[in-house]
Structure formats: C-alpha cells, structure tokens
Amino acid sequence: MAFFVDIATDSVNKHNQELCGDNVEIRINDESIVIVLADGLGSGVKANILATMTSTIAATMLEEKMSIKDVVETLEVTLPVCQIRKLAYSTFTIVQVFFKSRRVYIVEFDNPRLVYIRDGERIELDRRPLQFQGKDIYETTMKINVGDVLGFFSDGVIHAGVGSLLNFGWQWDDAADYLLARTYDEKMVTAKDISMKMIETCNDLYGGKPGDDTTVVVVRAEEHQYVTLFSGPPLDRTKDQMIKEILDGAKGKKVVCGGTASNIVSREYGEEIELDLSTMSEKVPPVGRMKSVDLITEGVLTIQETVNLIEAYLSKKRGHEVFEEENAASILADLLVNHCSHLDMILGNSINPAHQNPDFPDALSSKWKITQRLIELLRQLNKSINIVYV
C-alpha cells in the first residue's frame, strides 16, 4: 500500500427516531477500500432497512469487482418498495480507493455532491453521467494524492438549520467551505476530528433536534505512520533477545508498556530508564525515558486510562484536549490515535503474578481485556494492527 486511508464517519438520528435512516458500509482488503454512504427514503426503521441493504449490496459487489451497472440493477430489483410512496429508493455515495494504482473511483446518486480538497482548495470533479431509475448517476475516476481529503454527507447536512437558525438551511457551498476550513485547522489532526466537528455543528444548527438523519464521512490520504508497542514479558525468557531484534527492525516510534517489559528492554539495550517526574499524575505513573525507545510507560493502569481517554474522545464526552495533558496515558493516546496508521503489537504471554492477586483492583486482574479493548478502539479508527504473541 503506497499510502494510508484515514476514514471517519459520524451521524445523528432524526429527532425522536431510534434508528438512523443513513448507513455507512466500509470494506477493506489488500487491493482497495470501499466506502458506501446510503440514505434511505424517509426515516426510522424503513429508511434504515433501505440504507443498510443499499450500502451492503453496493460494497459487497464492488469489492467483488462487479460494475456499477450491475450494482444499480441489483439494487433496483432488490430494494423493498415503500407502500406509501410506491418507491424503492435510497440515495448513495460510493468511494473506492485502489492502493496500487493510487486511483479513486467515485459514484454519486442523489446525495449532496462530494467535496474534494487538494492543496488547500476545493477541486471540481469530472463527473460522467449514467442513468438509474430515470435519474442521473455520476461516476468519477481520478488519481488520489497524499494529502487529499474527501468529504461527503447525506442531505441532513444541507438541511441543517431550516426553520431554526437558518431560513434555507446550510447550503452545499457553506458545508463545503466548512470542510475546507476544518481540513486546515491545526487542531483537526485526523479524519475523525473533522467528521465529529461537522456533525456537532449540524446538531447545533438543528437546535439539538435534527429534522433529518445526518451523516458525514471524511476520507484522508496520508503517509504511513508506524508504531511498535511491546507489552508483557514473553513466557519463554530466552525470547528476550528476540524482543530487541524486533524493536531494532521496527519502523517509526517504539513504545514499551509495563514494568517487566521495560526492564527487559533496558537490560537488552544496556541502558538505564530515567523517570520523567513532570509527567506524574494522580491516575497513572510517570513516563520513562530511554535513548533506544521513544516512550516507556507503566502497564495496566496506563493502558486502562488510555482506553478511557480514547472512549471519551470517540463518545464526544471530551474533545481533543484529552491528548494534550502531560501524563503517560494522554501521551500514549495521542500517539496511537493521531500519529499512527500501522501498529505492531508485541504481546507477551507471561502473566504477571501481581495482576492475579485478589486484593488488587479489578483493573489489575484484567490485563488482557484492557489490551483487547484498546485494539478494538483503534480498529474502530481503521488503524492497521498486526499482533505478534511471544
């Protein structure tokens, strides 16, 4: 893969609806990434079914290298017909990024136009029309460059504010300019930052009571950013030297979590670990410093607090300030969320006896659960994760 594709999506449901009438399907394989945003007719359960079927069928068929004509013909005969409107209808936007050829394939049907940002400007796409259900479908194929940002959304975005803060809602140009400004905001480090901020703004324009299902998808083409994280000693102590060899060959940043793991690395490299007491906090022990490793932290407590911070960020309970605190968990969360596309995790199979002591807090007896939760959160952010058990 020549570059990393950072993908984020956020939604708010129409007021008083439990289900969202929009759906986003993402498929990733060795050749490409397929992202489908579908907006079902109406709202609630029926709209959710239409959107889910549309996005799933389209993503599956494109992943299997079928043509867009095959996709739309299948949708036409498959979608259930609304008994009130007598329509089987779901709008959609498709983005497929091909890694080897560095191409992006875009299909748009009745959703607001995709916003393509390159070198600080919105660029116009060369859209080619096809016909579907008597309406135009638009195809675009073009090169994608590192640094390009694609933003696309359901019509809930351009309806935001209608009858409330704005007479005619957010116009497409307004939404596109908003995306452009957020893309070059220094605080908007990831695609997730942008999508969350845009959804938050839409919800505010609706006065907290969205008049339509609203979804935003943001795609960024980025350089690879590698991190290798070692946590937990190997079951077989003869593998300690192997840990050093893996770290020596690792790309990017190197992180060690846990007292025993850091002692192994200190011994194998023949370097002393110095504590940075300026990073001491009430919740986690301070960061350790060593020449051959970029970051050293305590294990279970720090990983648990890192999980808490990422969960707070993703649930919008806290903003980007979670990454700005000067403690081990915040530093680790910032590295993994904002400066990592590919994570290699070296996980030891040896169990620390201290973590099995019934007198210790529950957090200390659930090392594996905490680590697995961290992996799950990072995968939600579409990080590429490779796990090596030693």
# chains A, B, ... in the order shown; residues from 1 in each chain; ligands from 1
$ residues_around --residues "Gly348 of chain A" --least-positions-apart "4" --cutoff "12 Å" --atoms "only C-alpha atoms" --output "JSON, numbers by chain"
{"A": [229, 230, 231, 232, 233, 234, 235, 236, 237, 239, 240, 242, 243, 256, 257, 258, 260, 261, 264, 352, 367, 368, 371, 387, 388, 389, 390]}
$ residues_around --residues "segment 106-120 of chain A" --least-positions-apart "2" --cutoff "6 Å" --atoms "only C-alpha atoms" --output "compact mmCIF listing (two decimals) with N, CA and C atoms, in the first residue's frame"
# COMPACT_ATOMS: atom_id res chain seq x y z
N THR A 91 -30.68 6.97 -1.79
CA THR A 91 -29.57 7.68 -2.43
C THR A 91 -28.26 7.12 -1.90
N PHE A 92 -27.18 7.33 -2.64
CA PHE A 92 -25.91 6.81 -2.15
C PHE A 92 -24.73 7.55 -2.75
N THR A 93 -23.63 7.49 -2.02
CA THR A 93 -22.32 7.95 -2.49
C THR A 93 -21.34 6.81 -2.24
N ILE A 94 -20.54 6.51 -3.25
CA ILE A 94 -19.55 5.43 -3.15
C ILE A 94 -18.17 6.00 -3.40
N VAL A 95 -17.22 5.64 -2.56
CA VAL A 95 -15.82 5.97 -2.78
C VAL A 95 -15.01 4.69 -2.68
N ARG A 122 -10.90 23.47 -2.96
CA ARG A 122 -11.89 22.54 -3.47
C ARG A 122 -11.68 22.39 -4.97
N ILE A 123 -11.68 21.15 -5.45
CA ILE A 123 -11.50 20.95 -6.88
C ILE A 123 -12.77 20.34 -7.47
N ILE A 137 -26.87 9.14 -12.48
CA ILE A 137 -25.84 8.69 -11.55
C ILE A 137 -24.54 9.24 -12.11
N TYR A 138 -23.63 9.65 -11.26
CA TYR A 138 -22.38 10.27 -11.75
C TYR A 138 -21.17 9.46 -11.29
N GLU A 139 -20.29 9.19 -12.25
CA GLU A 139 -19.05 8.47 -11.99
C GLU A 139 -17.85 9.41 -12.15
N THR A 140 -16.85 9.21 -11.32
CA THR A 140 -15.59 9.93 -11.46
C THR A 140 -14.45 8.97 -11.16
N ASP A 148 -4.77 14.54 0.00
CA ASP A 148 -6.14 14.78 -0.47
C ASP A 148 -7.15 14.43 0.62
N VAL A 149 -8.24 15.21 0.68
CA VAL A 149 -9.32 14.97 1.63
C VAL A 149 -10.64 14.93 0.87
N LEU A 150 -11.44 13.89 1.13
CA LEU A 150 -12.76 13.76 0.52
C LEU A 150 -13.79 13.81 1.63
N GLY A 151 -14.77 14.67 1.48
CA GLY A 151 -15.87 14.74 2.43
C GLY A 151 -17.19 14.55 1.71
N PHE A 152 -18.05 13.67 2.23
CA PHE A 152 -19.37 13.50 1.63
C PHE A 152 -20.38 13.24 2.74
N SER A 154 -24.94 13.00 3.85
CA SER A 154 -26.36 12.89 3.48
C SER A 154 -26.99 14.27 3.47
$ residues_around --residues "Gly288 of chain A" --least-positions-apart "4" --cutoff "9 Å" --atoms "only C-alpha atoms" --output "PyMOL selection string"
chain A and resi 262+273-277+295-298+328
$ select_by_dssp --residues "segment 166-389 of chain A" --states "strand (DSSP E)" --output "PyMOL selection string"
chain A and resi 214-222+226-231+253-257+274-276+287-290+293-297+342-347+384-389
$ residues_around --residues "Tyr226 of chain A" --least-positions-apart "5" --cutoff "12 Å" --atoms "only C-alpha atoms" --output "PyMOL selection string"
chain A and resi 3-4+249-255+335-345+383-386
$ atom_distance --atom1 "atom CA of Glu124 of chain A" --atom2 "atom CA of Val157 of chain A"
19.9 Å
$ residues_around --residues "Val217 of chain A" --least-positions-apart "6" --cutoff "9 Å" --atoms "only C-alpha atoms" --output "PyMOL selection string"
chain A and resi 7-11+24+35+37+150-153+191-192+195
$ write_last_selection --atoms "N, CA, C and O atoms" --output "compact mmCIF listing (two decimals), in the first residue's frame"
# COMPACT_ATOMS: atom_id res chain seq x y z
N ILE A 7 -10.20 7.02 7.56
CA ILE A 7 -11.65 7.11 7.31
C ILE A 7 -12.37 7.37 8.63
O ILE A 7 -12.08 6.74 9.65
N ALA A 8 -13.33 8.28 8.61
CA ALA A 8 -14.15 8.52 9.79
C ALA A 8 -15.57 8.82 9.37
O ALA A 8 -15.81 9.41 8.32
N THR A 9 -16.51 8.40 10.19
CA THR A 9 -17.92 8.69 9.91
C THR A 9 -18.65 8.97 11.21
O THR A 9 -18.38 8.33 12.24
N ASP A 10 -19.54 9.94 11.18
CA ASP A 10 -20.36 10.27 12.35
C ASP A 10 -21.77 10.60 11.89
O ASP A 10 -21.97 11.11 10.78
N SER A 11 -22.74 10.32 12.77
CA SER A 11 -24.15 10.54 12.43
C SER A 11 -24.93 11.04 13.64
O SER A 11 -24.53 10.81 14.78
N VAL A 24 -23.49 3.65 6.70
CA VAL A 24 -22.18 3.65 6.06
C VAL A 24 -21.57 2.25 6.16
O VAL A 24 -21.51 1.68 7.25
N ILE A 35 -16.09 2.45 0.44
CA ILE A 35 -16.91 3.15 1.44
C ILE A 35 -18.22 3.54 0.77
O ILE A 35 -18.22 4.20 -0.28
N LEU A 37 -21.95 5.36 1.53
CA LEU A 37 -22.92 6.09 2.36
C LEU A 37 -24.27 6.04 1.66
O LEU A 37 -24.40 6.53 0.53
N LEU A 150 -11.44 13.89 1.13
CA LEU A 150 -12.76 13.76 0.52
C LEU A 150 -13.79 13.81 1.63
O LEU A 150 -13.68 13.08 2.63
N GLY A 151 -14.77 14.67 1.48
CA GLY A 151 -15.87 14.74 2.43
C GLY A 151 -17.19 14.55 1.71
O GLY A 151 -17.43 15.16 0.67
N PHE A 152 -18.05 13.67 2.23
CA PHE A 152 -19.37 13.50 1.63
C PHE A 152 -20.38 13.24 2.74
O PHE A 152 -20.03 12.81 3.84
N PHE A 153 -21.64 13.55 2.44
CA PHE A 153 -22.63 13.56 3.51
C PHE A 153 -24.03 13.38 2.96
O PHE A 153 -24.28 13.56 1.76
N ALA A 191 -9.15 12.44 10.41
CA ALA A 191 -10.46 12.48 9.76
C ALA A 191 -11.57 12.48 10.80
O ALA A 191 -12.61 13.13 10.63
N LYS A 192 -11.35 11.77 11.91
CA LYS A 192 -12.36 11.71 12.97
C LYS A 192 -12.60 13.08 13.58
O LYS A 192 -13.75 13.44 13.90
N SER A 195 -14.96 14.90 11.05
CA SER A 195 -16.33 14.38 10.96
C SER A 195 -17.12 14.67 12.24
O SER A 195 -18.29 15.06 12.19
